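Worksheet: the structure to be examined is printed underneath.
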Amino acid sequence: MSKGQVLYDRGTPLRYGYFIESGGCSVTTRAGDSLPVEIHTLGMKDFVGVPLVLGMQTSPHRCTVRLAGQALRIESSVLIALIKRDAELEKIVLGYIQAILIHSSQLAACNSRHSLHQRLARWLVVASDRLGSPEVPFTHSYIANALAVRRAGITVAVGDLVHKGVIRSRRAGMTITDVARLKGMACECQGIILSAHNRYCTASHLPIAYS
């Protein structure tokens, strides 16, 4: 996956499903004529193609690669056929969809109840978990878009986290230096989101015969 690559776009046919192994993707939507708003940051252990499993031929959202990496790609028709004949795979994919639903509902509550500082800390913790690294290579503008706030607010909040010694900031991203303290500064939503993802999205060996 190369940076900037669009894996699927709004209203276009869903030709493939992707199982991300490294790198990062952003799923965005639009609200009227406004700029795109991120609804999910995806990384390792994530699946791109939920609409396929729900029986849709096109997607209402756009998925763009934000951090180059690798993914396993499978044709949509082959994936659906596998899910229909293998109960274990179906269980895992449906479990992933459940985790996504928990994530979405928790974000709705988080965005209406918690402060920008708490939400930023939560976003950084979850993004670091998805990327499997303390390096979070996203700009202030990108994070502002992800949290649907003004860039100036993110700059102030990031500066506060730097001052407290939990992150280091640079022009093209930041590094988490004290994840335990950062989790303590985040709202409880980060724990709910990570718990759901790790509970439903960890698979070891699938007894599938690919033929």
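So you can find residues: chains in the structure tokens are A, B, ... in the order shown, residues in each start at 1, and ligands are numbered from 1 in order.
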
**OP:** Just the residues within 7 Å of stretch 59-68 of chain A, please, counting only C-alpha atoms, with nothing from its chain fewer than 6 positions along; format it as a ChimeraX atom specification.
**Re:** /A:1-12,14,23-29,51

Deliver the residues from the most recent selection as a file, using N, CA, C and O atoms, as a CSV table (one decimal), in the first residue's frame.
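See again-v1.csv below for the written result:
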```csv
chain,number,residue,atom,x,y,z
A,1,MET,N,0.9,-1.2,0.0
A,1,MET,CA,0.0,0.0,0.0
A,1,MET,C,0.9,1.2,0.0
A,1,MET,O,1.8,1.4,0.8
A,2,SER,N,0.7,2.1,-0.9
A,2,SER,CA,1.5,3.4,-1.0
A,2,SER,C,0.7,4.5,-0.5
A,2,SER,O,-0.6,4.6,-0.5
A,3,LYS,N,1.4,5.5,0.1
A,3,LYS,CA,0.7,6.7,0.7
A,3,LYS,C,-0.1,7.4,-0.3
A,3,LYS,O,0.3,7.7,-1.4
A,4,GLY,N,-1.4,7.7,0.0
A,4,GLY,CA,-2.3,8.4,-0.9
A,4,GLY,C,-3.1,7.5,-1.7
A,4,GLY,O,-4.1,7.9,-2.3
A,5,GLN,N,-2.8,6.2,-1.7
A,5,GLN,CA,-3.6,5.2,-2.5
A,5,GLN,C,-5.0,5.1,-1.9
A,5,GLN,O,-5.2,5.1,-0.7
A,6,VAL,N,-6.0,5.2,-2.8
A,6,VAL,CA,-7.4,5.0,-2.4
A,6,VAL,C,-7.8,3.6,-2.6
A,6,VAL,O,-7.8,3.0,-3.7
A,7,LEU,N,-8.1,2.9,-1.5
A,7,LEU,CA,-8.5,1.5,-1.5
A,7,LEU,C,-9.9,1.3,-2.0
A,7,LEU,O,-10.3,0.3,-2.7
A,8,TYR,N,-10.8,2.2,-1.6
A,8,TYR,CA,-12.1,2.3,-2.1
A,8,TYR,C,-12.7,3.7,-1.9
A,8,TYR,O,-12.2,4.4,-1.1
A,9,ASP,N,-13.6,4.1,-2.8
A,9,ASP,CA,-14.2,5.4,-2.7
A,9,ASP,C,-15.7,5.3,-2.7
A,9,ASP,O,-16.3,4.3,-2.9
A,10,ARG,N,-16.3,6.5,-2.3
A,10,ARG,CA,-17.8,6.5,-2.2
A,10,ARG,C,-18.4,6.2,-3.5
A,10,ARG,O,-18.1,6.8,-4.5
A,11,GLY,N,-19.4,5.3,-3.5
A,11,GLY,CA,-20.2,5.0,-4.7
A,11,GLY,C,-19.5,4.2,-5.7
A,11,GLY,O,-20.1,3.9,-6.8
A,12,THR,N,-18.3,3.7,-5.5
A,12,THR,CA,-17.6,2.9,-6.5
A,12,THR,C,-17.7,1.4,-6.1
A,12,THR,O,-17.8,1.1,-4.9
A,14,LEU,N,-16.9,-2.3,-4.8
A,14,LEU,CA,-16.0,-2.9,-3.9
A,14,LEU,C,-15.4,-4.1,-4.5
A,14,LEU,O,-16.0,-5.2,-4.4
A,23,GLY,N,1.3,-0.4,8.3
A,23,GLY,CA,0.9,0.8,7.7
A,23,GLY,C,-0.4,1.3,8.3
A,23,GLY,O,-0.9,0.8,9.3
A,24,GLY,N,-1.0,2.4,7.7
A,24,GLY,CA,-2.2,2.9,8.3
A,24,GLY,C,-3.1,3.5,7.2
A,24,GLY,O,-2.7,4.0,6.2
A,25,CYS,N,-4.4,3.4,7.5
A,25,CYS,CA,-5.4,3.9,6.5
A,25,CYS,C,-6.4,4.8,7.3
A,25,CYS,O,-6.6,4.6,8.5
A,26,SER,N,-7.1,5.6,6.5
A,26,SER,CA,-8.1,6.5,7.1
A,26,SER,C,-9.4,6.3,6.4
A,26,SER,O,-9.4,6.4,5.1
A,27,VAL,N,-10.5,6.1,7.1
A,27,VAL,CA,-11.8,6.0,6.5
A,27,VAL,C,-12.5,7.3,6.8
A,27,VAL,O,-12.7,7.7,8.0
A,28,THR,N,-13.0,8.0,5.7
A,28,THR,CA,-13.6,9.3,5.9
A,28,THR,C,-15.0,9.3,5.3
A,28,THR,O,-15.3,8.5,4.4
A,29,THR,N,-15.8,10.3,5.8
A,29,THR,CA,-17.1,10.6,5.2
A,29,THR,C,-17.2,12.1,5.1
A,29,THR,O,-16.4,12.8,5.5
A,51,PRO,N,-18.4,-3.1,4.3
A,51,PRO,CA,-19.6,-3.0,3.6
A,51,PRO,C,-19.9,-4.3,2.8
A,51,PRO,O,-21.0,-4.7,2.6
```

Sort by chain and increasing residue number a table of all residues of stretch 12-129 of chain A within 12 Å of stretch 181-195 of chain A, each with its closest pair of atoms and their distance in Å to one decimal, counting only C-alpha atoms, and write it as a Markdown table.
```
| residue | atom | partner | partner_atom | distance |
| --- | --- | --- | --- | --- |
| A:His40 | CA | A:Ile193 | CA | 11.5 |
| A:Lys45 | CA | A:Leu194 | CA | 12.0 |
| A:Tyr96 | CA | A:Ile193 | CA | 12.0 |
| A:Gln98 | CA | A:Ile193 | CA | 11.1 |
| A:Ala99 | CA | A:Ile193 | CA | 7.7 |
| A:Ile100 | CA | A:Ile193 | CA | 8.7 |
| A:Leu101 | CA | A:Ile193 | CA | 9.9 |
| A:Ile102 | CA | A:Ile193 | CA | 6.9 |
| A:His103 | CA | A:Ile193 | CA | 5.4 |
| A:Ser104 | CA | A:Ile193 | CA | 9.0 |
| A:Ser105 | CA | A:Ile193 | CA | 9.7 |
| A:Gln106 | CA | A:Cys189 | CA | 6.4 |
| A:Leu107 | CA | A:Cys189 | CA | 7.6 |
| A:Ala108 | CA | A:Cys189 | CA | 10.3 |
| A:Ala109 | CA | A:Cys189 | CA | 8.6 |
| A:Cys110 | CA | A:Cys189 | CA | 6.7 |
| A:Asn111 | CA | A:Cys189 | CA | 10.2 |
| A:Arg113 | CA | A:Cys187 | CA | 9.7 |
| A:His114 | CA | A:Cys187 | CA | 7.1 |
| A:Ser115 | CA | A:Cys187 | CA | 8.7 |
| A:Leu116 | CA | A:Ala186 | CA | 9.8 |
| A:His117 | CA | A:Ala186 | CA | 7.5 |
| A:Gln118 | CA | A:Ala186 | CA | 4.4 |
| A:Arg119 | CA | A:Ala186 | CA | 6.5 |
| A:Leu120 | CA | A:Ala186 | CA | 7.5 |
| A:Ala121 | CA | A:Ala186 | CA | 4.7 |
| A:Arg122 | CA | A:Ala186 | CA | 4.8 |
| A:Trp123 | CA | A:Gln190 | CA | 7.7 |
| A:Leu124 | CA | A:Leu182 | CA | 8.4 |
| A:Val125 | CA | A:Lys183 | CA | 6.7 |
| A:Val126 | CA | A:Gln190 | CA | 6.5 |
| A:Ala127 | CA | A:Gln190 | CA | 10.2 |
| A:Ser128 | CA | A:Leu194 | CA | 10.9 |
| A:Asp129 | CA | A:Leu194 | CA | 8.0 |
```

**OP:** Do a neighbour search on stretch 134-148 of chain A at 6 Å with only C-alpha atoms, toss out local chain neighbours closer than 6 positions, and write the hits as number ranges by chain.
**Re:** A: 37-38, 128, 172-176

**OP:** Find, counting only C-alpha atoms, the residue in A:Ala157, A:Gly165, A:Gly17, A:Met44 that gets nearest to A:Gln57.
**Re:**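 Going through A:Ala157, A:Gly165, A:Gly17, A:Met44 one by one, the smallest distance to A:Gln57 is for A:Gly17.
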